[in-house]
$ cat my_file00.csv   # CSV, C-alpha atoms and all ligand atoms
chain,number,residue,atom,x,y,z
A,1,MET,CA,114.6,78.0,143.9
A,2,ASN,CA,113.6,75.2,141.5
A,3,ARG,CA,109.9,74.7,141.4
A,4,ILE,CA,108.3,71.4,142.0
A,5,ILE,CA,104.6,71.2,141.0
A,6,LEU,CA,102.2,68.3,141.5
A,7,HIS,CA,99.1,67.9,139.3
A,8,CYS,CA,96.6,65.5,140.8
A,9,ASP,CA,93.7,64.1,138.8
A,10,LEU,CA,91.3,61.4,140.0
A,11,ASP,CA,90.9,58.3,137.7
A,12,CYS,CA,87.6,57.9,135.9
A,13,PHE,CA,86.2,59.9,138.7
A,14,PHE,CA,82.4,59.4,138.6
A,15,ALA,CA,82.8,55.8,137.6
A,16,ALA,CA,85.3,55.2,140.4
A,17,VAL,CA,82.9,56.5,143.0
A,18,GLU,CA,80.2,54.0,141.8
A,19,VAL,CA,82.7,51.1,141.9
A,20,ARG,CA,83.8,52.1,145.4
A,21,ASP,CA,80.1,52.0,146.5
A,22,ASN,CA,79.3,48.7,144.8
A,23,PRO,CA,82.3,46.3,144.7
A,24,ALA,CA,80.4,44.0,142.3
A,25,TYR,CA,81.2,46.6,139.6
A,26,GLU,CA,85.0,46.1,140.1
A,27,GLY,CA,86.7,45.2,136.8
A,28,LYS,CA,83.6,45.8,134.7
A,29,PRO,CA,82.8,48.3,132.0
A,30,ILE,CA,80.9,51.0,134.0
A,31,ILE,CA,79.4,53.9,132.0
A,32,ILE,CA,78.1,57.0,133.7
A,33,GLY,CA,75.8,59.2,131.6
A,34,ALA,CA,72.4,59.4,129.9
A,35,ASP,CA,70.1,56.4,129.8
A,36,PRO,CA,71.1,54.3,126.7
A,37,LYS,CA,67.5,52.9,126.3
A,38,GLU,CA,68.9,49.9,124.6
A,39,GLY,CA,70.6,52.0,122.0
A,40,LYS,CA,67.8,54.5,121.4
A,41,GLY,CA,68.7,56.9,124.2
A,42,ARG,CA,69.8,60.5,123.7
A,43,GLY,CA,72.6,62.3,125.5
A,44,VAL,CA,76.2,61.5,126.2
A,45,ILE,CA,78.7,59.7,128.4
A,46,SER,CA,80.0,61.7,131.4
A,47,THR,CA,82.8,59.2,132.0
A,48,CYS,CA,83.4,55.5,132.0
A,49,SER,CA,85.7,53.0,133.7
A,50,TYR,CA,89.0,52.0,132.1
A,51,GLU,CA,87.5,48.6,131.3
A,52,ALA,CA,84.8,50.5,129.2
A,53,ARG,CA,87.5,52.6,127.5
A,54,LYS,CA,88.9,49.4,126.0
A,55,PHE,CA,85.8,49.2,123.8
A,56,GLY,CA,86.5,52.7,122.5
A,57,LEU,CA,84.1,54.5,124.9
A,58,HIS,CA,85.0,58.0,126.2
A,59,SER,CA,83.5,61.1,127.8
A,60,ALA,CA,81.1,63.1,125.6
A,61,MET,CA,80.5,60.1,123.2
A,62,PRO,CA,76.8,59.8,122.3
A,63,ILE,CA,75.3,57.2,124.6
A,64,SER,CA,73.6,55.4,121.7
A,65,ARG,CA,77.0,54.8,120.1
A,66,ALA,CA,78.4,53.7,123.4
A,67,TYR,CA,75.7,51.1,123.7
A,68,ARG,CA,76.5,49.8,120.2
A,69,LEU,CA,80.2,49.4,121.1
A,70,CYS,CA,79.6,48.0,124.5
A,71,PRO,CA,76.1,46.6,125.0
A,72,HIS,CA,77.0,44.5,128.0
A,73,GLY,CA,78.3,47.5,129.9
A,74,ILE,CA,76.7,48.7,133.2
A,75,TYR,CA,75.0,52.0,132.5
A,76,LEU,CA,74.4,54.3,135.5
A,77,ARG,CA,72.9,57.8,135.9
A,78,PRO,CA,75.2,60.3,137.5
A,79,ASN,CA,74.8,61.2,141.2
A,80,GLY,CA,76.1,64.8,141.3
A,81,ASN,CA,75.7,65.4,145.0
A,82,LYS,CA,77.7,62.3,145.9
A,83,TYR,CA,80.5,63.3,143.5
A,84,SER,CA,80.7,66.8,144.9
A,85,LYS,CA,81.0,65.4,148.4
A,86,VAL,CA,83.8,63.0,147.4
A,87,SER,CA,85.5,65.8,145.5
A,88,SER,CA,85.6,68.0,148.6
A,89,GLU,CA,86.9,65.2,150.7
A,90,VAL,CA,89.8,64.7,148.3
A,91,MET,CA,90.5,68.5,148.0
A,92,GLN,CA,90.6,68.7,151.8
A,93,ILE,CA,93.4,66.1,151.9
A,94,LEU,CA,95.3,67.8,149.0
A,95,LYS,CA,95.1,71.2,150.6
A,96,LYS,CA,96.9,70.0,153.7
A,97,TYR,CA,100.1,69.5,151.8
A,98,SER,CA,100.7,73.0,150.6
A,99,HIS,CA,99.2,76.5,151.0
A,100,LYS,CA,99.9,76.9,147.3
A,101,PHE,CA,96.9,74.9,146.2
A,102,GLN,CA,94.7,75.4,143.1
A,103,GLN,CA,91.6,73.3,142.4
A,104,VAL,CA,90.9,73.5,138.6
A,105,GLY,CA,88.0,71.1,138.1
A,106,ILE,CA,85.8,68.8,140.1
A,107,ASP,CA,88.6,66.2,140.2
A,108,GLU,CA,91.9,67.9,139.6
A,109,ALA,CA,94.2,70.3,141.5
A,110,TYR,CA,97.7,71.7,141.5
A,111,LEU,CA,100.0,71.8,144.5
A,112,ASP,CA,103.3,73.8,144.6
A,113,VAL,CA,105.5,71.7,146.9
A,114,SER,CA,108.7,73.5,146.3
A,115,GLU,CA,108.9,74.8,149.9
A,116,MET,CA,108.5,71.4,151.5
A,117,CYS,CA,110.4,69.2,149.1
A,118,SER,CA,114.1,70.0,148.4
A,119,SER,CA,114.3,67.4,145.6
A,120,PHE,CA,112.2,65.6,143.0
A,121,GLU,CA,112.9,62.4,145.0
A,122,GLU,CA,111.3,63.9,148.1
A,123,ALA,CA,108.4,65.1,145.9
A,124,ARG,CA,107.9,61.5,144.6
A,125,ASP,CA,107.6,60.2,148.2
A,126,LEU,CA,105.2,62.9,149.0
A,127,ALA,CA,103.1,62.2,145.9
A,128,ASN,CA,102.9,58.5,146.8
A,129,LYS,CA,101.9,59.3,150.4
A,130,ILE,CA,99.1,61.5,149.0
A,131,ARG,CA,97.9,58.8,146.6
A,132,HIS,CA,97.8,56.2,149.4
A,133,GLU,CA,96.1,58.6,151.8
A,134,ILE,CA,93.4,59.4,149.3
A,135,PHE,CA,92.8,55.8,148.4
A,136,ASN,CA,92.7,54.7,152.1
A,137,GLN,CA,90.5,57.6,153.3
A,138,VAL,CA,88.2,58.2,150.4
A,139,GLY,CA,88.4,55.0,148.4
A,140,VAL,CA,89.2,56.5,145.0
A,141,ARG,CA,92.5,56.5,143.0
A,142,ILE,CA,94.4,59.5,141.9
A,143,SER,CA,97.1,59.9,139.3
A,144,ILE,CA,99.9,62.5,140.0
A,145,GLY,CA,102.3,64.3,137.7
A,146,CYS,CA,105.3,65.9,139.2
A,147,ALA,CA,107.3,68.5,137.2
A,148,PRO,CA,109.0,71.9,137.2
A,149,THR,CA,105.9,73.6,135.6
A,150,LYS,CA,102.1,73.4,135.9
A,151,SER,CA,101.7,72.4,132.2
A,152,ILE,CA,104.2,69.6,132.3
A,153,ALA,CA,102.8,68.3,135.6
A,154,LYS,CA,99.4,68.1,133.9
A,155,ILE,CA,100.8,66.3,130.9
A,156,ALA,CA,102.7,64.0,133.3
A,157,SER,CA,99.6,63.1,135.5
A,158,ASP,CA,97.8,62.0,132.3
A,159,HIS,CA,100.8,60.0,131.1
A,160,LYS,CA,100.7,57.1,133.5
A,161,LYS,CA,96.9,57.0,134.1
A,162,PRO,CA,95.2,55.1,135.8
A,163,ASN,CA,96.7,55.0,139.3
A,164,GLY,CA,100.0,56.4,138.1
A,165,LEU,CA,102.8,58.6,139.3
A,166,CYS,CA,105.0,60.3,136.7
A,167,VAL,CA,108.0,62.4,137.8
A,168,VAL,CA,109.6,64.6,135.1
A,169,LYS,CA,112.8,66.4,136.3
A,170,LYS,CA,113.9,69.6,134.7
A,171,PHE,CA,116.7,68.0,132.6
A,172,ASN,CA,114.3,65.4,131.3
A,173,VAL,CA,111.5,67.7,130.1
A,174,LEU,CA,112.5,67.8,126.4
A,175,LYS,CA,113.1,64.0,126.2
A,176,PHE,CA,109.7,63.4,128.0
A,177,LEU,CA,107.8,65.7,125.6
A,178,LYS,CA,109.4,65.3,122.2
A,179,HIS,CA,107.5,62.3,120.8
A,180,MET,CA,104.1,63.3,122.1
A,181,ASP,CA,101.3,64.5,119.9
A,182,ILE,CA,100.8,68.3,120.2
A,183,THR,CA,97.3,67.7,121.6
A,184,ARG,CA,98.9,66.7,124.9
A,185,ILE,CA,99.7,70.4,125.4
A,186,PRO,CA,96.8,71.9,127.5
A,187,GLY,CA,94.9,74.2,125.2
A,188,ILE,CA,95.6,72.4,121.9
A,189,GLY,CA,92.4,70.6,121.0
A,190,LYS,CA,91.2,68.8,117.9
A,191,LYS,CA,90.5,72.0,115.9
A,192,SER,CA,93.9,73.6,116.6
A,193,LYS,CA,95.6,70.3,115.9
A,194,ILE,CA,94.4,70.5,112.2
A,195,TYR,CA,95.8,74.0,112.0
A,196,TYR,CA,99.1,73.1,113.5
A,197,ASN,CA,99.4,69.9,111.4
A,198,LYS,CA,98.9,72.0,108.2
A,199,LYS,CA,102.0,73.9,109.1
A,200,GLY,CA,104.0,70.8,109.6
A,201,ILE,CA,103.8,70.7,113.4
A,202,ASN,CA,102.7,67.2,114.5
A,203,THR,CA,104.7,66.4,117.7
A,204,ILE,CA,105.9,68.5,120.6
A,205,GLY,CA,109.3,67.8,119.2
A,206,ASP,CA,108.4,69.8,116.1
A,207,ILE,CA,107.5,72.7,118.3
A,208,ILE,CA,110.8,72.3,120.2
A,209,SER,CA,112.8,72.5,116.9
A,210,THR,CA,110.9,75.5,115.6
A,211,PRO,CA,112.4,78.9,116.5
A,212,LEU,CA,110.2,81.0,118.8
A,213,GLU,CA,110.0,83.8,116.2
A,214,LYS,CA,108.7,81.3,113.6
A,215,MET,CA,106.1,80.0,116.1
A,216,ILE,CA,104.8,83.5,116.8
A,217,GLU,CA,104.8,84.3,113.1
A,218,LEU,CA,102.7,81.2,112.3
A,219,PHE,CA,100.4,81.0,115.3
A,220,GLY,CA,100.6,84.4,117.1
A,221,LYS,CA,100.2,84.4,120.9
A,222,SER,CA,99.2,80.8,121.2
A,223,GLY,CA,102.4,79.9,119.3
A,224,LYS,CA,104.4,81.6,122.0
A,225,TRP,CA,102.5,79.8,124.8
A,226,VAL,CA,102.9,76.3,123.3
A,227,TRP,CA,106.6,77.0,122.6
A,228,ASN,CA,107.1,78.0,126.2
A,229,VAL,CA,105.2,74.9,127.4
A,230,ALA,CA,107.3,72.7,125.2
A,231,HIS,CA,110.5,74.2,126.5
A,232,GLY,CA,109.4,73.8,130.2
A,233,LEU,CA,109.2,77.6,130.5
A,234,ASP,CA,105.7,78.0,131.6
A,235,ASP,CA,106.1,80.1,134.8
A,236,SER,CA,102.4,80.4,135.8
A,237,ASP,CA,101.9,80.2,139.6
A,238,VAL,CA,99.8,77.7,141.5
A,239,SER,CA,97.3,80.1,142.9
A,240,GLU,CA,93.6,80.5,143.0
A,241,PHE,CA,94.1,83.9,141.6
A,242,SER,CA,96.7,85.3,139.3
A,243,ARG,CA,97.4,89.0,139.3
A,244,ASN,CA,97.1,89.3,135.5
A,245,ARG,CA,93.7,87.7,135.6
A,246,LYS,CA,91.0,89.6,133.7
A,247,SER,CA,88.0,87.8,135.1
A,248,ILE,CA,86.9,85.1,137.5
A,249,SER,CA,84.1,82.8,136.6
A,250,LYS,CA,82.4,79.5,137.3
A,251,GLU,CA,79.8,77.5,135.5
A,252,ARG,CA,77.9,74.4,136.3
A,253,THR,CA,76.0,72.0,134.1
A,254,PHE,CA,72.8,70.5,135.6
A,255,PHE,CA,72.8,66.7,135.7
A,256,GLU,CA,69.4,67.0,134.2
A,257,ASP,CA,68.2,70.0,132.2
A,258,THR,CA,65.7,71.9,134.4
A,259,ASN,CA,63.2,74.7,134.4
A,260,ASP,CA,62.7,74.6,138.1
A,261,PHE,CA,63.5,78.1,139.4
A,262,SER,CA,64.5,77.0,142.9
A,263,ILE,CA,67.1,74.5,141.4
A,264,ILE,CA,68.5,77.2,139.1
A,265,LEU,CA,68.6,79.8,142.0
A,266,THR,CA,70.4,77.4,144.3
A,267,LYS,CA,73.0,76.8,141.6
A,268,PHE,CA,73.5,80.6,141.0
A,269,GLU,CA,73.8,81.0,144.8
A,270,GLU,CA,76.4,78.2,145.1
A,271,ILE,CA,78.5,79.7,142.2
A,272,ASN,CA,78.2,83.2,143.7
A,273,GLU,CA,79.3,82.0,147.1
A,274,ARG,CA,82.3,80.1,145.8
A,275,ILE,CA,83.5,83.0,143.7
A,276,HIS,CA,83.1,85.5,146.5
A,277,SER,CA,85.1,83.4,149.0
A,278,ASN,CA,87.9,83.4,146.4
A,279,LEU,CA,87.5,87.2,145.8
A,280,GLU,CA,87.5,87.9,149.5
A,281,LYS,CA,90.6,85.7,150.1
A,282,ASN,CA,92.4,87.7,147.5
A,283,ASN,CA,90.9,91.0,148.2
A,284,ILE,CA,89.6,91.5,144.7
A,285,PHE,CA,86.7,93.8,143.6
A,286,TYR,CA,84.8,93.8,140.3
A,287,LYS,CA,82.8,96.2,138.2
A,288,THR,CA,81.2,93.8,135.7
A,289,ILE,CA,78.9,90.9,136.4
A,290,THR,CA,78.0,88.6,133.6
A,291,LEU,CA,75.4,85.9,133.5
A,292,LYS,CA,75.8,82.9,131.2
A,293,ILE,CA,73.0,80.6,130.4
A,294,ARG,CA,72.8,77.6,128.1
A,295,PHE,CA,69.4,76.1,127.2
A,296,GLN,CA,68.6,72.5,126.2
A,297,GLY,CA,69.9,72.2,122.7
A,298,PHE,CA,73.1,74.2,123.5
A,299,GLU,CA,71.8,77.6,122.6
A,300,THR,CA,74.0,79.9,124.9
A,301,PHE,CA,73.5,83.5,125.9
A,302,THR,CA,75.3,86.0,128.1
A,303,ARG,CA,74.1,89.2,129.7
A,304,SER,CA,76.3,91.7,131.6
A,305,LYS,CA,75.9,94.7,133.8
A,306,THR,CA,78.8,97.1,134.5
A,307,LEU,CA,78.7,99.2,137.6
A,308,PRO,CA,80.2,102.7,137.9
A,309,LEU,CA,82.5,101.7,140.8
A,310,PRO,CA,84.1,98.4,141.8
A,311,ILE,CA,82.3,96.4,144.5
A,312,ARG,CA,82.4,93.0,146.2
A,313,ASN,CA,79.1,92.1,147.7
A,314,ARG,CA,77.5,88.7,147.6
A,315,LYS,CA,73.9,89.8,148.0
A,316,TYR,CA,74.1,92.6,145.5
A,317,ALA,CA,75.8,90.4,143.0
A,318,ILE,CA,73.1,87.7,143.2
A,319,LYS,CA,70.4,90.5,142.9
A,320,ILE,CA,72.0,91.6,139.6
A,321,VAL,CA,72.4,88.0,138.4
A,322,LEU,CA,68.7,87.4,139.0
A,323,GLU,CA,67.8,90.7,137.2
A,324,LEU,CA,69.8,89.5,134.2
A,325,PHE,CA,68.2,86.1,134.4
A,326,ASN,CA,64.8,87.6,134.4
A,327,GLU,CA,65.3,88.6,130.8
A,328,PHE,CA,65.0,84.9,129.9
A,329,SER,CA,62.3,83.8,132.3
A,330,SER,CA,59.6,84.1,129.6
A,331,LEU,CA,61.3,81.6,127.4
A,332,LYS,CA,60.2,78.6,129.5
A,333,ARG,CA,62.9,76.4,128.1
A,334,LYS,CA,64.8,74.0,130.1
A,335,VAL,CA,68.2,75.2,131.3
A,336,ARG,CA,71.3,73.0,130.8
A,337,LEU,CA,74.1,75.2,132.3
A,338,VAL,CA,74.4,78.4,134.3
A,339,GLY,CA,77.5,80.5,135.0
A,340,ILE,CA,78.6,83.8,136.5
A,341,ARG,CA,81.6,85.8,135.5
A,342,PHE,CA,83.1,88.8,137.4
A,343,SER,CA,85.4,91.0,135.3
A,344,ASN,CA,86.9,94.5,135.3
A,345,LEU,CA,88.8,93.4,138.4
A,346,GLU,CA,90.6,95.5,140.9
A,347,GLU,CA,92.8,94.6,143.9
A,348,LYS,CA,92.2,96.9,146.9
A,349,SER,CA,93.4,97.5,150.4
A,350,ARG,CA,90.8,97.2,153.1
A,351,GLU,CA,90.7,100.9,153.8
A,352,LYS,CA,89.8,101.7,150.2
A,353,GLN,CA,86.9,99.3,150.1
A,354,TYR,CA,83.8,100.9,148.7
A,355,SER,CA,80.7,100.6,150.7
A,356,ILE,CA,77.7,99.1,149.1
A,357,LEU,CA,75.6,102.0,150.3
A,358,LYS,CA,77.5,104.2,148.0
A,359,PHE,CA,76.1,102.2,145.1
A,360,VAL,CA,72.7,101.9,146.4
A,361,ASN,CA,72.7,105.7,146.7
A,362,HIS,CA,74.3,106.2,143.4
A,363,SER,CA,72.0,107.8,140.9
A,364,CYS,CA,72.1,105.0,138.3
A,365,TYR,CA,70.3,102.7,140.7
A,366,LYS,CA,67.5,105.0,141.6
B,401,LIG,P1,88.1,64.0,133.8
B,401,LIG,O1,89.2,64.1,134.8
B,401,LIG,O2,88.4,64.6,132.5
B,401,LIG,O3,87.9,62.4,133.5
B,401,LIG,P2,87.9,61.2,134.4
B,401,LIG,O4,88.3,61.5,135.8
B,401,LIG,O5,86.5,60.5,134.3
B,401,LIG,O6,88.9,60.2,133.8
B,401,LIG,P3,90.5,60.3,133.8
B,401,LIG,O7,91.0,59.1,134.5
B,401,LIG,O8,90.9,60.3,132.3
B,401,LIG,O9,90.9,61.6,134.5
B,401,LIG,O10,86.8,64.5,134.3
B,401,LIG,C1,86.4,64.3,135.7
B,401,LIG,C2,84.9,64.0,135.8
B,401,LIG,O11,84.1,65.1,135.1
B,401,LIG,C3,84.5,62.8,135.1
B,401,LIG,O12,84.6,61.6,135.9
B,401,LIG,C4,83.0,63.0,134.7
B,401,LIG,C5,83.0,64.5,134.5
B,401,LIG,N1,83.0,64.8,133.0
B,401,LIG,C6,81.8,64.9,132.4
B,401,LIG,O13,80.7,64.8,133.0
B,401,LIG,N2,81.8,65.2,131.0
B,401,LIG,C7,83.0,65.3,130.3
B,401,LIG,O14,82.9,65.5,129.0
B,401,LIG,C8,84.2,65.1,131.0
B,401,LIG,C9,85.5,65.2,130.2
B,401,LIG,C10,84.2,64.9,132.3
B,402,MG,MG,90.0,62.7,136.2
$ encode --input "my_file00.csv" --output "structure tokens"
Amino acid sequence: MNRIILHCDLDCFFAAVEVRDNPAYEGKPIIIGADPKEGKGRGVISTCSYEARKFGLHSAMPISRAYRLCPHGIYLRPNGNKYSKVSSEVMQILKKYSHKFQQVGIDEAYLDVSEMCSSFEEARDLANKIRHEIFNQVGVRISIGCAPTKSIAKIASDHKKPNGLCVVKKFNVLKFLKHMDITRIPGIGKKSKIYYNKKGINTIGDIISTPLEKMIELFGKSGKWVWNVAHGLDDSDVSEFSRNRKSISKERTFFEDTNDFSIILTKFEEINERIHSNLEKNNIFYKTITLKIRFQGFETFTRSKTLPLPIRNRKYAIKIVLELFNEFSSLKRKVRLVGIRFSNLEEKSREKQYSILKFVNHSCYK
């Protein structure tokens, strides 16, 4: 069966929510991020409306620079709780359309619609229906890419932003990709671009015309991945959990750096709960728990604990995370980001599940 994948990504998400809630902002350059303090502010842009992008503004740009480029813009602080709520409303709608659903960020998700759409024309109609439903029910716009693979669907959703729908059928893949810059391939960022350019690879067309063996010789494993993407041969599944996956993790950045323990704890609990729901759904157990913490100023640390046997226990996991976190509590610095990773994964049948008591009784915890 030919695969038909949709990649759905909200347009200028945080800014779109603010425009929805204040129609006077419609058509104006709206910038969400740190306080610009008339050009003296520190911090960066989270996102901005497409009107602001015309002035050269973009995510992660220092807010002081943004202010210089667009002093008449409307600068707003982010409202994380509101955006999380809107995100889950959108995801609830998307999920209805396929059980093969994978959320990959706060505002993007894949849907495998191969079972319900027998052609790309049907998928186009479905994608339009989804776009209208999201706009009518939630009030924000979403762009959708429709293609035979996840990576091309992602490139396609970006191609006609904002408020776009881009369908790339199998026989059109090479034509669609060939003139694009290599950074359109997910995973090739500014740094890898320099490396690829040095070897004469500038466009995706250059990748297409380079033999696979040569790509592997020049760029190793990543060369193989980009070659496959460029040829429409990425066969990764739309699934919250892939069998070859080595770890599962989540991290969250605080909207404002904090040293309030209750806020940090709530974030750890939220991450822990979300990962455990996924692990339970897929019957996955773990042996290693890793805490990640980034302080104000971007200094980042990780601490891990490996257990003698695989477990899956929310309460026990959070206990370990807090033990690991304790090592930093004396630092008294504000925290920017926290994350948890579970690795050394095992899939188990129910009968084989290990009891937490076994661990509590295990000598290494005494
Ligand atoms: P994106 O989907 O990357 O960007 P976007 O939705 O704002 O714009 P686009 O139309 O190009 O998709 O990110 C989703 C949200 O995540 C974005 O609205 C704000 C937040 N974000 C940050 O806070 N910092 C960042 O550096 C990026 C890239 C996003
Ligand atoms: Mg987006």
$ residues_near_ligand --input "my_file00.csv" --ligand "ligand MG 402 (chain B)" --cutoff "8 Å" --atoms "all atoms listed in the file" --output "PDB file with C-alpha atoms, in the frame of the given file"
ATOM      1  CA  ASP A   9      93.700  64.100 138.800  1.00  0.00           C
ATOM      2  CA  LEU A  10      91.300  61.400 140.000  1.00  0.00           C
ATOM      3  CA  ASP A  11      90.900  58.300 137.700  1.00  0.00           C
ATOM      4  CA  CYS A  12      87.600  57.900 135.900  1.00  0.00           C
ATOM      5  CA  PHE A  13      86.200  59.900 138.700  1.00  0.00           C
ATOM      6  CA  ASP A 107      88.600  66.200 140.200  1.00  0.00           C
ATOM      7  CA  GLU A 108      91.900  67.900 139.600  1.00  0.00           C
ATOM      8  CA  ILE A 142      94.400  59.500 141.900  1.00  0.00           C
TER       9      ILE A 142
END
$ residues_around --input "my_file00.csv" --residues "Arg141 in chain A" --least-positions-apart "6" --cutoff "12 Å" --atoms "all atoms listed in the file" --output "PyMOL selection string"
chain A and resi 8-17+19-20+86-87+90+107-108+128+130-135+161-165
$ write_last_selection --input "my_file00.csv" --atoms "C-alpha atoms" --output "PDB file, keeping the file's coordinate frame"
ATOM      1  CA  CYS A   8      96.600  65.500 140.800  1.00  0.00           C
ATOM      2  CA  ASP A   9      93.700  64.100 138.800  1.00  0.00           C
ATOM      3  CA  LEU A  10      91.300  61.400 140.000  1.00  0.00           C
ATOM      4  CA  ASP A  11      90.900  58.300 137.700  1.00  0.00           C
ATOM      5  CA  CYS A  12      87.600  57.900 135.900  1.00  0.00           C
ATOM      6  CA  PHE A  13      86.200  59.900 138.700  1.00  0.00           C
ATOM      7  CA  PHE A  14      82.400  59.400 138.600  1.00  0.00           C
ATOM      8  CA  ALA A  15      82.800  55.800 137.600  1.00  0.00           C
ATOM      9  CA  ALA A  16      85.300  55.200 140.400  1.00  0.00           C
ATOM     10  CA  VAL A  17      82.900  56.500 143.000  1.00  0.00           C
ATOM     11  CA  VAL A  19      82.700  51.100 141.900  1.00  0.00           C
ATOM     12  CA  ARG A  20      83.800  52.100 145.400  1.00  0.00           C
ATOM     13  CA  VAL A  86      83.800  63.000 147.400  1.00  0.00           C
ATOM     14  CA  SER A  87      85.500  65.800 145.500  1.00  0.00           C
ATOM     15  CA  VAL A  90      89.800  64.700 148.300  1.00  0.00           C
ATOM     16  CA  ASP A 107      88.600  66.200 140.200  1.00  0.00           C
ATOM     17  CA  GLU A 108      91.900  67.900 139.600  1.00  0.00           C
ATOM     18  CA  ASN A 128     102.900  58.500 146.800  1.00  0.00           C
ATOM     19  CA  ILE A 130      99.100  61.500 149.000  1.00  0.00           C
ATOM     20  CA  ARG A 131      97.900  58.800 146.600  1.00  0.00           C
ATOM     21  CA  HIS A 132      97.800  56.200 149.400  1.00  0.00           C
ATOM     22  CA  GLU A 133      96.100  58.600 151.800  1.00  0.00           C
ATOM     23  CA  ILE A 134      93.400  59.400 149.300  1.00  0.00           C
ATOM     24  CA  PHE A 135      92.800  55.800 148.400  1.00  0.00           C
ATOM     25  CA  LYS A 161      96.900  57.000 134.100  1.00  0.00           C
ATOM     26  CA  PRO A 162      95.200  55.100 135.800  1.00  0.00           C
ATOM     27  CA  ASN A 163      96.700  55.000 139.300  1.00  0.00           C
ATOM     28  CA  GLY A 164     100.000  56.400 138.100  1.00  0.00           C
ATOM     29  CA  LEU A 165     102.800  58.600 139.300  1.00  0.00           C
TER      30      LEU A 165
END
$ residues_around --input "my_file00.csv" --residues "Ser247 in chain A" --least-positions-apart "5" --cutoff "7 Å" --atoms "all atoms listed in the file" --output "MDAnalysis selection string"
chainID A and resid 341:345
$ residues_around --input "my_file00.csv" --residues "Lys28 in chain A" --least-positions-apart "5" --cutoff "12 Å" --atoms "only C-alpha atoms" --output "list in words"
Ala15, Ala16, Glu18, Val19, Asn22, Pro23, Cys48, Ser49, Tyr50, Glu51, Ala52, Arg53, Lys54, Phe55, Cys70, His72, Gly73, Ile74 and Tyr75 of chain A
$ atom_distance --input "my_file00.csv" --atom1 "CA of Ile318 in chain A" --atom2 "CA of Val335 in chain A"
17.9 Å
$ residues_near_point --input "my_file00.csv" --point "(108.4, 75.5, 125.9)" --cutoff "10 Å" --atoms "all atoms listed in the file" --output "list in words"
Ser151, Ile152, Val173, Leu174, Leu177, Ile204, Ile207, Ile208, Leu212, Gly223, Lys224, Trp225, Val226, Trp227, Asn228, Val229, Ala230, His231, Gly232, Leu233 and Asp234 of chain A
$ atom_distance --input "my_file00.csv" --atom1 "CA of Tyr25 in chain A" --atom2 "CA of Asn136 in chain A"
18.8 Å
$ residues_near_point --input "my_file00.csv" --point "(102.4, 78.5, 135.0)" --cutoff "12 Å" --atoms "all atoms listed in the file" --output "compact mmCIF listing (two decimals) with C-alpha atoms, in the frame of the given file"
# COMPACT_ATOMS: atom_id res chain seq x y z
CA ARG A 3 109.90 74.70 141.40
CA ILE A 4 108.30 71.40 142.00
CA ILE A 5 104.60 71.20 141.00
CA HIS A 7 99.10 67.90 139.30
CA GLN A 102 94.70 75.40 143.10
CA TYR A 110 97.70 71.70 141.50
CA LEU A 111 100.00 71.80 144.50
CA ASP A 112 103.30 73.80 144.60
CA ALA A 147 107.30 68.50 137.20
CA PRO A 148 109.00 71.90 137.20
CA THR A 149 105.90 73.60 135.60
CA LYS A 150 102.10 73.40 135.90
CA SER A 151 101.70 72.40 132.20
CA ILE A 152 104.20 69.60 132.30
CA ALA A 153 102.80 68.30 135.60
CA LYS A 154 99.40 68.10 133.90
CA PRO A 186 96.80 71.90 127.50
CA TRP A 225 102.50 79.80 124.80
CA VAL A 226 102.90 76.30 123.30
CA ASN A 228 107.10 78.00 126.20
CA VAL A 229 105.20 74.90 127.40
CA GLY A 232 109.40 73.80 130.20
CA LEU A 233 109.20 77.60 130.50
CA ASP A 234 105.70 78.00 131.60
CA ASP A 235 106.10 80.10 134.80
CA SER A 236 102.40 80.40 135.80
CA ASP A 237 101.90 80.20 139.60
CA VAL A 238 99.80 77.70 141.50
CA SER A 239 97.30 80.10 142.90
CA PHE A 241 94.10 83.90 141.60
CA SER A 242 96.70 85.30 139.30
$ closest_residue --input "my_file00.csv" --among "A:Thr258, A:Thr302, A:Asn2, A:Ser59" --to "Cys117 in chain A" --atoms "only C-alpha atoms"
A:Asn2
$ closest_residue --input "my_file00.csv" --among "A:Ala66, A:Ile185, A:Ala34, A:Ile201" --to "ligand LIG 401 (chain B)" --atoms "only C-alpha atoms and all ligand atoms"
A:Ala34
$ closest_residue --input "my_file00.csv" --among "A:Gly297, A:Gly139, A:Gly43, A:Pro78" --to "Ile31 in chain A" --atoms "all atoms listed in the file"
A:Pro78
$ closest_residue --input "my_file00.csv" --among "A:Val140, A:Ala317, A:Leu309, A:Leu337" --to "Phe295 in chain A" --atoms "only C-alpha atoms"
A:Leu337
$ atom_distance --input "my_file00.csv" --atom1 "CA of Lys175 in chain A" --atom2 "CA of Pro211 in chain A"
17.8 Å
$ closest_residue --input "my_file00.csv" --among "A:Ser277, A:Ser118, A:Ser157, A:Asn326" --to "ligand LIG 401 (chain B)" --atoms "all atoms listed in the file"
A:Ser157
$ residues_around --input "my_file00.csv" --residues "range 36-41 of chain A" --least-positions-apart "3" --cutoff "8 Å" --atoms "all atoms listed in the file" --output "ChimeraX atom specification"
/A:63-65,67-68,71,75
$ decode --input "my_file00.csv" --residues "range 206-215 of chain A" --atoms "C-alpha atoms" --output "tab-separated table (two decimals), in the first residue's frame"
chain	number	residue	atom	x	y	z
A	206	ASP	CA	23.11	17.77	-5.69
A	207	ILE	CA	22.30	15.02	-3.19
A	208	ILE	CA	20.03	13.30	-5.69
A	209	SER	CA	22.77	13.23	-8.32
A	210	THR	CA	25.44	11.90	-5.94
A	211	PRO	CA	25.67	8.09	-5.70
A	212	LEU	CA	24.71	6.68	-2.29
A	213	GLU	CA	28.18	5.15	-1.78
A	214	LYS	CA	29.78	8.56	-2.32
A	215	MET	CA	27.38	10.20	0.18
